[in-house]
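**Student:** What follows is the file model.cif, containing mmCIF, C-alpha atoms and all ligand atoms:
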```
data_run
#
loop_
_atom_site.label_atom_id
_atom_site.label_comp_id
_atom_site.auth_asym_id
_atom_site.auth_seq_id
_atom_site.Cartn_x
_atom_site.Cartn_y
_atom_site.Cartn_z
CA MET A 1 226.10 -50.12 24.97
CA PRO A 2 226.42 -46.40 25.70
CA THR A 3 225.72 -44.27 22.65
CA ARG A 4 229.00 -42.35 23.10
CA ASP A 5 230.72 -45.43 21.59
CA ARG A 6 228.82 -44.82 18.39
CA ARG A 7 229.07 -42.01 15.89
CA PRO A 8 225.88 -39.91 15.98
CA ALA A 9 223.88 -41.31 13.08
CA ALA A 10 220.27 -42.37 13.24
CA ALA A 11 219.14 -45.51 11.46
CA LEU A 12 215.73 -44.39 10.23
CA TYR A 13 213.19 -46.86 8.81
CA TYR A 14 209.57 -46.68 7.81
CA ALA A 15 206.73 -49.01 6.85
CA THR A 16 204.04 -47.47 4.67
CA ARG A 17 201.38 -48.26 2.09
CA ASP A 18 199.89 -44.87 1.28
CA GLY A 19 203.01 -42.74 1.89
CA GLN A 20 202.18 -40.80 5.07
CA SER A 21 204.69 -42.70 7.23
CA ARG A 22 207.35 -42.03 4.57
CA ARG A 23 206.53 -38.31 4.65
CA ILE A 24 206.79 -38.35 8.45
CA ALA A 25 210.13 -40.22 8.30
CA GLU A 26 211.47 -37.74 5.74
CA HIS A 27 210.38 -34.83 7.92
CA ILE A 28 212.15 -36.39 10.93
CA SER A 29 215.26 -36.89 8.80
CA ARG A 30 215.33 -33.19 7.82
CA ARG A 31 214.93 -32.11 11.44
CA LEU A 32 217.67 -34.50 12.60
CA ALA A 33 220.00 -33.13 9.91
CA GLU A 34 219.44 -29.64 11.32
CA SER A 35 220.60 -31.01 14.69
CA GLY A 36 223.73 -32.53 13.12
CA VAL A 37 222.40 -36.10 13.12
CA PRO A 38 222.56 -37.66 9.65
CA SER A 39 219.97 -40.24 8.61
CA GLN A 40 218.68 -41.78 5.41
CA PRO A 41 215.03 -42.88 5.61
CA GLN A 42 214.68 -46.44 4.34
CA ASP A 43 211.56 -48.31 3.28
CA LEU A 44 211.34 -51.65 5.08
CA ARG A 45 209.43 -53.12 2.15
CA VAL A 46 212.57 -52.62 0.04
CA THR A 47 215.33 -53.07 2.62
CA SER A 48 215.72 -55.39 5.55
CA PRO A 49 218.70 -54.12 7.47
CA ALA A 50 221.48 -56.45 8.63
CA ALA A 51 221.96 -56.83 12.37
CA ALA A 52 225.41 -55.17 12.11
CA GLU A 53 223.84 -52.10 10.49
CA LEU A 54 221.32 -51.80 13.31
CA ALA A 55 223.90 -52.42 16.02
CA SER A 56 226.21 -49.66 14.77
CA ALA A 57 223.61 -46.85 14.85
CA SER A 58 223.52 -44.44 17.76
CA VAL A 59 219.73 -44.52 17.69
CA ILE A 60 217.16 -46.50 15.73
CA VAL A 61 213.97 -44.82 14.54
CA LEU A 62 210.96 -46.72 13.24
CA VAL A 63 207.91 -44.99 11.74
CA ALA A 64 205.27 -47.64 11.10
CA ALA A 65 201.71 -47.42 9.78
CA VAL A 66 198.77 -49.36 11.21
CA ARG A 67 196.30 -51.20 8.96
CA TYR A 68 193.40 -53.14 10.33
CA GLY A 69 194.58 -53.09 13.90
CA LYS A 70 198.20 -54.05 13.31
CA HIS A 71 201.46 -52.48 12.24
CA LEU A 72 202.53 -53.50 8.76
CA PRO A 73 204.22 -56.91 8.64
CA GLU A 74 207.63 -55.54 7.65
CA ALA A 75 207.59 -53.34 10.77
CA ASP A 76 206.82 -56.38 12.90
CA ARG A 77 209.71 -58.31 11.33
CA PHE A 78 211.98 -55.33 11.90
CA LEU A 79 211.07 -55.19 15.59
CA SER A 80 211.78 -58.91 15.95
CA ALA A 81 215.24 -58.34 14.42
CA TYR A 82 215.82 -55.36 16.72
CA ARG A 83 214.77 -57.42 19.72
CA SER A 84 217.33 -60.09 18.89
CA LEU A 85 220.29 -57.66 19.01
CA ALA A 86 222.70 -58.43 21.84
CA SER A 87 223.32 -54.77 22.62
CA PRO A 88 220.54 -52.77 20.97
CA PRO A 89 220.85 -49.01 20.44
CA PRO A 90 217.98 -46.96 21.86
CA LEU A 91 214.74 -47.24 19.90
CA ALA A 92 212.46 -44.34 18.97
CA LEU A 93 209.14 -45.73 17.82
CA ALA A 94 206.36 -43.86 16.02
CA SER A 95 203.08 -45.59 15.22
CA VAL A 96 201.07 -43.89 12.46
CA ASN A 97 197.33 -44.42 12.66
CA LEU A 98 194.02 -42.61 12.73
CA THR A 99 193.05 -43.15 16.35
CA ALA A 100 195.97 -40.81 17.17
CA ARG A 101 193.89 -37.94 15.71
CA LYS A 102 192.57 -37.74 19.28
CA PRO A 103 195.18 -36.16 21.58
CA ALA A 104 194.55 -38.70 24.38
CA LYS A 105 195.58 -41.48 21.96
CA THR A 106 199.07 -40.25 21.09
CA THR A 107 200.97 -41.91 23.93
CA ALA A 108 202.08 -45.47 24.67
CA THR A 109 199.52 -45.68 27.44
CA GLY A 110 196.69 -44.06 25.48
CA ASN A 111 197.19 -45.71 22.09
CA ALA A 112 196.27 -49.40 21.99
CA TYR A 113 198.29 -50.20 18.83
CA LEU A 114 201.43 -48.72 20.31
CA ARG A 115 200.87 -50.30 23.69
CA LYS A 116 200.26 -53.73 22.15
CA VAL A 117 203.26 -53.71 19.81
CA ILE A 118 205.54 -52.71 22.70
CA ALA A 119 204.13 -55.52 24.85
CA ARG A 120 204.20 -58.16 22.11
CA HIS A 121 207.87 -57.55 21.28
CA ARG A 122 208.78 -56.85 24.91
CA LEU A 123 210.37 -53.55 23.90
CA ALA A 124 211.68 -50.80 26.14
CA PRO A 125 211.71 -47.91 23.68
CA ALA A 126 213.52 -44.73 24.66
CA LEU A 127 210.70 -42.85 22.91
CA ALA A 128 207.29 -44.02 21.76
CA VAL A 129 204.58 -41.88 20.21
CA ALA A 130 201.49 -42.36 18.09
CA ILE A 131 201.17 -39.87 15.24
CA ALA A 132 197.96 -39.25 13.34
CA GLY A 133 198.04 -40.26 9.69
CA ARG A 134 195.92 -39.31 6.70
CA LEU A 135 192.36 -40.22 5.81
CA ASP A 136 191.84 -40.20 2.06
CA TYR A 137 188.80 -42.27 1.09
CA ARG A 138 189.32 -41.81 -2.64
CA ARG A 139 192.59 -43.74 -2.44
CA TYR A 140 190.98 -46.81 -0.92
CA GLY A 141 189.29 -49.66 -2.73
CA TRP A 142 185.54 -50.05 -2.26
CA ARG A 143 185.76 -52.57 0.59
CA ASP A 144 188.44 -50.70 2.56
CA ARG A 145 186.52 -47.45 2.07
CA GLN A 146 183.31 -48.92 3.49
CA ILE A 147 185.07 -50.51 6.45
CA ILE A 148 187.00 -47.36 7.31
CA ARG A 149 183.87 -45.24 6.93
CA PHE A 150 182.16 -47.58 9.38
CA ILE A 151 185.08 -47.30 11.85
CA MET A 152 184.97 -43.50 11.47
CA TRP A 153 181.23 -43.49 12.04
CA MET A 154 181.76 -45.53 15.23
CA THR A 155 184.49 -43.19 16.48
CA GLY A 156 182.90 -39.87 15.53
CA GLY A 157 185.12 -39.22 12.49
CA PRO A 158 184.20 -38.06 8.96
CA THR A 159 182.26 -40.48 6.75
CA ASP A 160 181.89 -38.36 3.57
CA PRO A 161 183.55 -40.52 0.88
CA GLU A 162 185.20 -37.40 -0.60
CA THR A 163 187.08 -36.73 2.65
CA ASN A 164 190.82 -36.24 2.33
CA ILE A 165 192.26 -34.98 5.62
CA GLU A 166 195.84 -34.97 6.81
CA TYR A 167 195.57 -35.32 10.57
CA THR A 168 199.34 -35.41 11.12
CA SER A 169 200.48 -32.83 13.64
CA TRP A 170 203.77 -31.62 12.17
CA PRO A 171 204.65 -29.77 15.39
CA ALA A 172 204.31 -33.13 17.20
CA VAL A 173 206.63 -34.70 14.59
CA ASP A 174 209.10 -31.85 15.18
CA GLU A 175 208.96 -32.48 18.90
CA PHE A 176 209.58 -36.19 18.40
CA ALA A 177 212.58 -35.42 16.15
CA GLY A 178 213.92 -33.00 18.76
CA ARG A 179 213.70 -35.66 21.43
CA ILE A 180 215.50 -38.15 19.14
CA ALA A 181 218.31 -35.62 18.65
CA GLY A 182 218.39 -35.16 22.43
CA LEU A 183 219.01 -38.89 22.94
CA GLN A 184 222.43 -38.45 21.29
CA ASN A 185 223.67 -36.35 24.17
CA GLN A 186 222.31 -38.41 27.04
CA ASN A 187 224.84 -41.22 27.33
C1 LIG A 201 193.04 -50.48 4.73
C2 LIG A 201 193.33 -49.53 5.87
C3 LIG A 201 193.19 -49.96 7.19
C4 LIG A 201 193.43 -49.09 8.25
N1 LIG A 201 193.28 -49.54 9.53
C5 LIG A 201 193.46 -48.67 10.56
C6 LIG A 201 193.23 -49.11 11.90
O1 LIG A 201 192.94 -50.26 12.18
N2 LIG A 201 193.36 -48.19 12.88
C7 LIG A 201 193.71 -46.88 12.63
O2 LIG A 201 193.80 -46.10 13.57
N3 LIG A 201 193.96 -46.46 11.38
C8 LIG A 201 193.83 -47.32 10.34
N4 LIG A 201 194.06 -46.91 9.06
C9 LIG A 201 194.52 -45.54 8.82
C10 LIG A 201 196.01 -45.50 8.50
O3 LIG A 201 196.78 -45.88 9.62
C11 LIG A 201 196.38 -44.09 8.04
O4 LIG A 201 195.69 -43.83 6.83
C12 LIG A 201 197.87 -43.90 7.85
O5 LIG A 201 198.09 -42.56 7.43
C13 LIG A 201 198.42 -44.87 6.83
O6 LIG A 201 199.81 -44.73 6.79
P1 LIG A 201 200.61 -44.86 5.41
O7 LIG A 201 200.11 -43.72 4.53
O8 LIG A 201 202.03 -44.67 5.82
O9 LIG A 201 200.32 -46.20 4.83
C14 LIG A 201 193.82 -47.76 7.98
C15 LIG A 201 193.98 -47.33 6.66
C16 LIG A 201 193.73 -48.20 5.61
C17 LIG A 201 193.89 -47.70 4.19
#
```
Re-express the file's structure as structure tokens.
**Tutor:**
Amino acid sequence: MPTRDRRPAAALYYATRDGQSRRIAEHISRRLAESGVPSQPQDLRVTSPAAAELASASVIVLVAAVRYGKHLPEADRFLSAYRSLASPPPLALASVNLTARKPAKTTATGNAYLRKVIARHRLAPALAVAIAGRLDYRRYGWRDRQIIRFIMWMTGGPTDPETNIEYTSWPAVDEFAGRIAGLQNQN
């Protein structure tokens, strides 16, 4: 359905455990508001939107964190619901993970998590990006900390257990939000 049939309002959802995807969703929401596109970021662990709510949005935005190689389960369920819509609004998808700290791994072709989730749900997102998250070893339990330190060691990242680094590129988030706002005027 062309977006001109819908009032410009983004349906903005996030899936998070440690809060970085929520912060990214809130940042996107502020930027969209500046472009005249209202949105209310919603936590998919608390809310599972009805099909009618999704269908009436002019664009759907999902910001979803990766844990142990997969997007969080509520994000997966959300994408299944989106996929079952008869006439889905355009989808803007942001995968939040640590491999995206490397610039070559911020696109749907370069980022394996993003590429796989698109393929598994047979999506055709209008926009798809991978955004780097946060590494904060002190937040993690002992087992998670050791495993993530090992992954970081394998991929040339920091292994000091005191490390707390926000890798998120806020200019990249701004650019993503700008492109979402631009989708409103395309159809
Ligand atoms: C238990 C755990 C597992 C993770 N697994 C991965 C992973 O497989 N690949 C990756 O790139 N990042 C991984 N990360 C990094 C997270 O994606 C990153 O910390 C992100 O900011 C988390 O988003 P959130 O704060 O919204 O939960 C993992 C983090 C944790 C705590």
**Student:** Just the residues within 12 Å of Pro49 of chain A, please, counting all atoms listed in the file, with nothing from its chain fewer than 2 positions along; format it as a list in words.
**Tutor:**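 The contact residues come out as Ala11, Leu12, Tyr13, Tyr14, Pro41, Gln42, Asp43, Leu44, Arg45, Val46, Thr47, Ala51, Ala52, Glu53, Leu54, Ala55, Ser56, Ala57, Ile60, Glu74, Ala75, Arg77, Phe78, Leu79, Ser80, Ala81 and Tyr82 of chain A.
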**Student:** Find, counting only C-alpha atoms and all ligand atoms, the residue in A:Ser58, A:Ser84, A:Thr163, A:Ser29 that gets nearest to ligand LIG 201 (chain A).
**Tutor:**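 Smallest distance to ligand LIG 201 (chain A) is found for A:Thr163.
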**Student:** Mind giving me the straight-line distance from atom CA of Gly19 of chain A to atom O6 of ligand LIG 201 (chain A) in Å, one decimal?
**Tutor:**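 If I compute the distance from atom CA of Gly19 of chain A to atom O6 of ligand LIG 201 (chain A), I get 6.2 Å.
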**Student:** Restrict the calculation to all atoms listed in the file, then for each residue of chain A with any atom at most 6 Å from an atom of ligand LIG 201 (chain A) give the closest atom pair and their distance in Å to one decimal, rows by chain and rising residue number, as JSON lines.
**Tutor:**
```
{"residue": "A:Thr16", "atom": "CA", "partner": "A:LIG201", "partner_atom": "O8", "distance": 3.6}
{"residue": "A:Arg17", "atom": "CA", "partner": "A:LIG201", "partner_atom": "O9", "distance": 3.6}
{"residue": "A:Asp18", "atom": "CA", "partner": "A:LIG201", "partner_atom": "O7", "distance": 3.5}
{"residue": "A:Gly19", "atom": "CA", "partner": "A:LIG201", "partner_atom": "O7", "distance": 4.0}
{"residue": "A:Gln20", "atom": "CA", "partner": "A:LIG201", "partner_atom": "O7", "distance": 3.6}
{"residue": "A:Ser21", "atom": "CA", "partner": "A:LIG201", "partner_atom": "O8", "distance": 3.6}
{"residue": "A:Ala65", "atom": "CA", "partner": "A:LIG201", "partner_atom": "O6", "distance": 4.4}
{"residue": "A:Val66", "atom": "CA", "partner": "A:LIG201", "partner_atom": "O3", "distance": 4.3}
{"residue": "A:Arg67", "atom": "CA", "partner": "A:LIG201", "partner_atom": "N1", "distance": 3.5}
{"residue": "A:Tyr68", "atom": "CA", "partner": "A:LIG201", "partner_atom": "O1", "distance": 3.5}
{"residue": "A:Gly69", "atom": "CA", "partner": "A:LIG201", "partner_atom": "O1", "distance": 3.7}
{"residue": "A:Val96", "atom": "CA", "partner": "A:LIG201", "partner_atom": "O3", "distance": 5.5}
{"residue": "A:Asn97", "atom": "CA", "partner": "A:LIG201", "partner_atom": "O3", "distance": 3.4}
{"residue": "A:Leu98", "atom": "CA", "partner": "A:LIG201", "partner_atom": "O2", "distance": 3.6}
{"residue": "A:Thr99", "atom": "CA", "partner": "A:LIG201", "partner_atom": "O2", "distance": 4.1}
{"residue": "A:Gly133", "atom": "CA", "partner": "A:LIG201", "partner_atom": "O5", "distance": 3.2}
{"residue": "A:Arg134", "atom": "CA", "partner": "A:LIG201", "partner_atom": "O5", "distance": 4.0}
{"residue": "A:Leu135", "atom": "CA", "partner": "A:LIG201", "partner_atom": "O4", "distance": 5.0}
{"residue": "A:Tyr140", "atom": "CA", "partner": "A:LIG201", "partner_atom": "C17", "distance": 5.9}
{"residue": "A:Asp144", "atom": "CA", "partner": "A:LIG201", "partner_atom": "C1", "distance": 5.1}
```
**Student:** For each of A:Tyr137, A:Ala108, A:Lys102, A:Gly178, take the minimum atom-to-atom distance to Arg149 of chain A, counting all atoms listed in the file, then give the residue where this is smallest.
**Tutor:** A:Tyr137
**Student:** Given the choices A:Arg179, A:Val173, A:Asp76, A:Ser39, which gets closest to Leu123 of chain A if the distance is worked out from only C-alpha atoms?
**Tutor:**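 Nearest candidate to Leu123 of chain A out of A:Arg179, A:Val173, A:Asp76, A:Ser39: A:Asp76.
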**Student:** Nearest to Leu72 of chain A among A:Val117, A:Leu127, A:Ile165, A:Ala86, with distances taken over all atoms listed in the file: which residue is it?
**Tutor:**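 Going through A:Val117, A:Leu127, A:Ile165, A:Ala86 one by one, the smallest distance to Leu72 of chain A is for A:Val117.
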**Student:** A:Gly110, A:Ala9, A:Ser95, A:Thr155: which is nearest Lys70 of chain A, counting all atoms listed in the file?
**Tutor:** A:Ser95
**Student:** For Pro38 of chain A, which residue out of A:Gln184, A:Ala119, A:Asp136, A:Ala128 is the nearest one, using all atoms listed in the file?
**Tutor:**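 With all atoms listed in the file as the atom set, the closest residue is A:Gln184.
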**Student:** Would you list the residues near (195.1, -36.4, 17.7), meaning any protein, DNA or RNA residue with an atom at most 9 Å from that point in file coordinates, counting all atoms listed in the file, as an mmCIF file with C-alpha atoms, keeping the file's coordinate frame?
**Tutor:**
```
data_model
loop_
_atom_site.group_PDB
_atom_site.id
_atom_site.type_symbol
_atom_site.label_atom_id
_atom_site.label_comp_id
_atom_site.auth_asym_id
_atom_site.auth_seq_id
_atom_site.Cartn_x
_atom_site.Cartn_y
_atom_site.Cartn_z
ATOM 1 C CA LEU A 98 194.020 -42.610 12.730
ATOM 2 C CA THR A 99 193.050 -43.150 16.350
ATOM 3 C CA ALA A 100 195.970 -40.810 17.170
ATOM 4 C CA ARG A 101 193.890 -37.940 15.710
ATOM 5 C CA LYS A 102 192.570 -37.740 19.280
ATOM 6 C CA PRO A 103 195.180 -36.160 21.580
ATOM 7 C CA ALA A 104 194.550 -38.700 24.380
ATOM 8 C CA LYS A 105 195.580 -41.480 21.960
ATOM 9 C CA THR A 106 199.070 -40.250 21.090
ATOM 10 C CA ALA A 130 201.490 -42.360 18.090
ATOM 11 C CA ILE A 131 201.170 -39.870 15.240
ATOM 12 C CA ALA A 132 197.960 -39.250 13.340
ATOM 13 C CA TYR A 167 195.570 -35.320 10.570
ATOM 14 C CA THR A 168 199.340 -35.410 11.120
ATOM 15 C CA SER A 169 200.480 -32.830 13.640
#
```
**Student:** Rounded to one decimal place, report the atom CA of Trp153 of chain A-atom CA of Lys116 of chain A distance in Å.
**Tutor:**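 Atom CA of Lys116 of chain A lies 23.9 Å from atom CA of Trp153 of chain A.
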**Student:** Go ahead and find all residues with at least one atom no further than 10 Å from (215.3, -31.5, 11.6) in the file's coordinates, using all atoms listed in the file; report them as a ChimeraX atom specification.
**Tutor:** /A:26-38,173-175,177-178,181
**Student:** Which distance in Å separates atom CA of Thr159 of chain A and atom CA of His71 of chain A, to one decimal?
**Tutor:**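 Distance reported for this atom pair: 23.3 Å.
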**Student:** Is it possible to add N, CA and C atoms to segment 107-131 of chain A and hand it back as a JSON list (two decimals), in the frame of the given file?
**Tutor:**
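Once everything was written out, this is selection.json:
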```json
[["chain", "number", "residue", "atom", "x", "y", "z"],
["A", 107, "THR", "N", 199.91, -41.42, 23.05],
["A", 107, "THR", "CA", 200.97, -41.91, 23.93],
["A", 107, "THR", "C", 200.94, -43.44, 24.00],
["A", 108, "ALA", "N", 202.00, -44.01, 24.56],
["A", 108, "ALA", "CA", 202.08, -45.47, 24.67],
["A", 108, "ALA", "C", 201.02, -46.00, 25.63],
["A", 109, "THR", "N", 200.59, -45.21, 26.57],
["A", 109, "THR", "CA", 199.52, -45.68, 27.44],
["A", 109, "THR", "C", 198.15, -45.48, 26.79],
["A", 110, "GLY", "N", 198.01, -44.39, 26.04],
["A", 110, "GLY", "CA", 196.69, -44.06, 25.48],
["A", 110, "GLY", "C", 196.39, -44.73, 24.15],
["A", 111, "ASN", "N", 197.42, -45.14, 23.43],
["A", 111, "ASN", "CA", 197.19, -45.71, 22.09],
["A", 111, "ASN", "C", 197.35, -47.23, 22.12],
["A", 112, "ALA", "N", 196.27, -47.93, 21.84],
["A", 112, "ALA", "CA", 196.27, -49.40, 21.99],
["A", 112, "ALA", "C", 197.24, -50.07, 21.03],
["A", 113, "TYR", "N", 197.38, -49.56, 19.79],
["A", 113, "TYR", "CA", 198.29, -50.20, 18.83],
["A", 113, "TYR", "C", 199.73, -50.12, 19.33],
["A", 114, "LEU", "N", 200.08, -48.94, 19.81],
["A", 114, "LEU", "CA", 201.43, -48.72, 20.31],
["A", 114, "LEU", "C", 201.69, -49.57, 21.55],
["A", 115, "ARG", "N", 200.73, -49.54, 22.45],
["A", 115, "ARG", "CA", 200.87, -50.30, 23.69],
["A", 115, "ARG", "C", 201.04, -51.79, 23.39],
["A", 116, "LYS", "N", 200.23, -52.29, 22.43],
["A", 116, "LYS", "CA", 200.26, -53.73, 22.15],
["A", 116, "LYS", "C", 201.56, -54.14, 21.45],
["A", 117, "VAL", "N", 202.05, -53.31, 20.53],
["A", 117, "VAL", "CA", 203.26, -53.71, 19.81],
["A", 117, "VAL", "C", 204.46, -53.70, 20.77],
["A", 118, "ILE", "N", 204.46, -52.76, 21.71],
["A", 118, "ILE", "CA", 205.54, -52.71, 22.70],
["A", 118, "ILE", "C", 205.49, -53.97, 23.57],
["A", 119, "ALA", "N", 204.28, -54.34, 23.99],
["A", 119, "ALA", "CA", 204.13, -55.52, 24.85],
["A", 119, "ALA", "C", 204.49, -56.79, 24.10],
["A", 120, "ARG", "N", 203.99, -56.91, 22.84],
["A", 120, "ARG", "CA", 204.20, -58.16, 22.11],
["A", 120, "ARG", "C", 205.67, -58.43, 21.86],
["A", 121, "HIS", "N", 206.43, -57.37, 21.55],
["A", 121, "HIS", "CA", 207.87, -57.55, 21.28],
["A", 121, "HIS", "C", 208.72, -57.35, 22.53],
["A", 122, "ARG", "N", 208.08, -57.12, 23.64],
["A", 122, "ARG", "CA", 208.78, -56.85, 24.91],
["A", 122, "ARG", "C", 209.87, -55.79, 24.71],
["A", 123, "LEU", "N", 209.45, -54.65, 24.18],
["A", 123, "LEU", "CA", 210.37, -53.55, 23.90],
["A", 123, "LEU", "C", 210.45, -52.61, 25.10],
["A", 124, "ALA", "N", 211.56, -51.90, 25.16],
["A", 124, "ALA", "CA", 211.68, -50.80, 26.14],
["A", 124, "ALA", "C", 212.14, -49.57, 25.37],
["A", 125, "PRO", "N", 211.26, -49.02, 24.52],
["A", 125, "PRO", "CA", 211.71, -47.91, 23.68],
["A", 125, "PRO", "C", 212.10, -46.68, 24.50],
["A", 126, "ALA", "N", 213.13, -45.99, 24.02],
["A", 126, "ALA", "CA", 213.52, -44.73, 24.66],
["A", 126, "ALA", "C", 212.43, -43.69, 24.44],
["A", 127, "LEU", "N", 211.81, -43.76, 23.25],
["A", 127, "LEU", "CA", 210.70, -42.85, 22.91],
["A", 127, "LEU", "C", 209.64, -43.65, 22.19],
["A", 128, "ALA", "N", 208.39, -43.36, 22.48],
["A", 128, "ALA", "CA", 207.29, -44.02, 21.76],
["A", 128, "ALA", "C", 206.13, -43.05, 21.65],
["A", 129, "VAL", "N", 205.71, -42.80, 20.42],
["A", 129, "VAL", "CA", 204.58, -41.88, 20.21],
["A", 129, "VAL", "C", 203.65, -42.47, 19.15],
["A", 130, "ALA", "N", 202.40, -42.06, 19.19],
["A", 130, "ALA", "CA", 201.49, -42.36, 18.09],
["A", 130, "ALA", "C", 201.22, -41.04, 17.38],
["A", 131, "ILE", "N", 201.33, -41.07, 16.07],
["A", 131, "ILE", "CA", 201.17, -39.87, 15.24],
["A", 131, "ILE", "C", 199.98, -40.11, 14.31]]
```
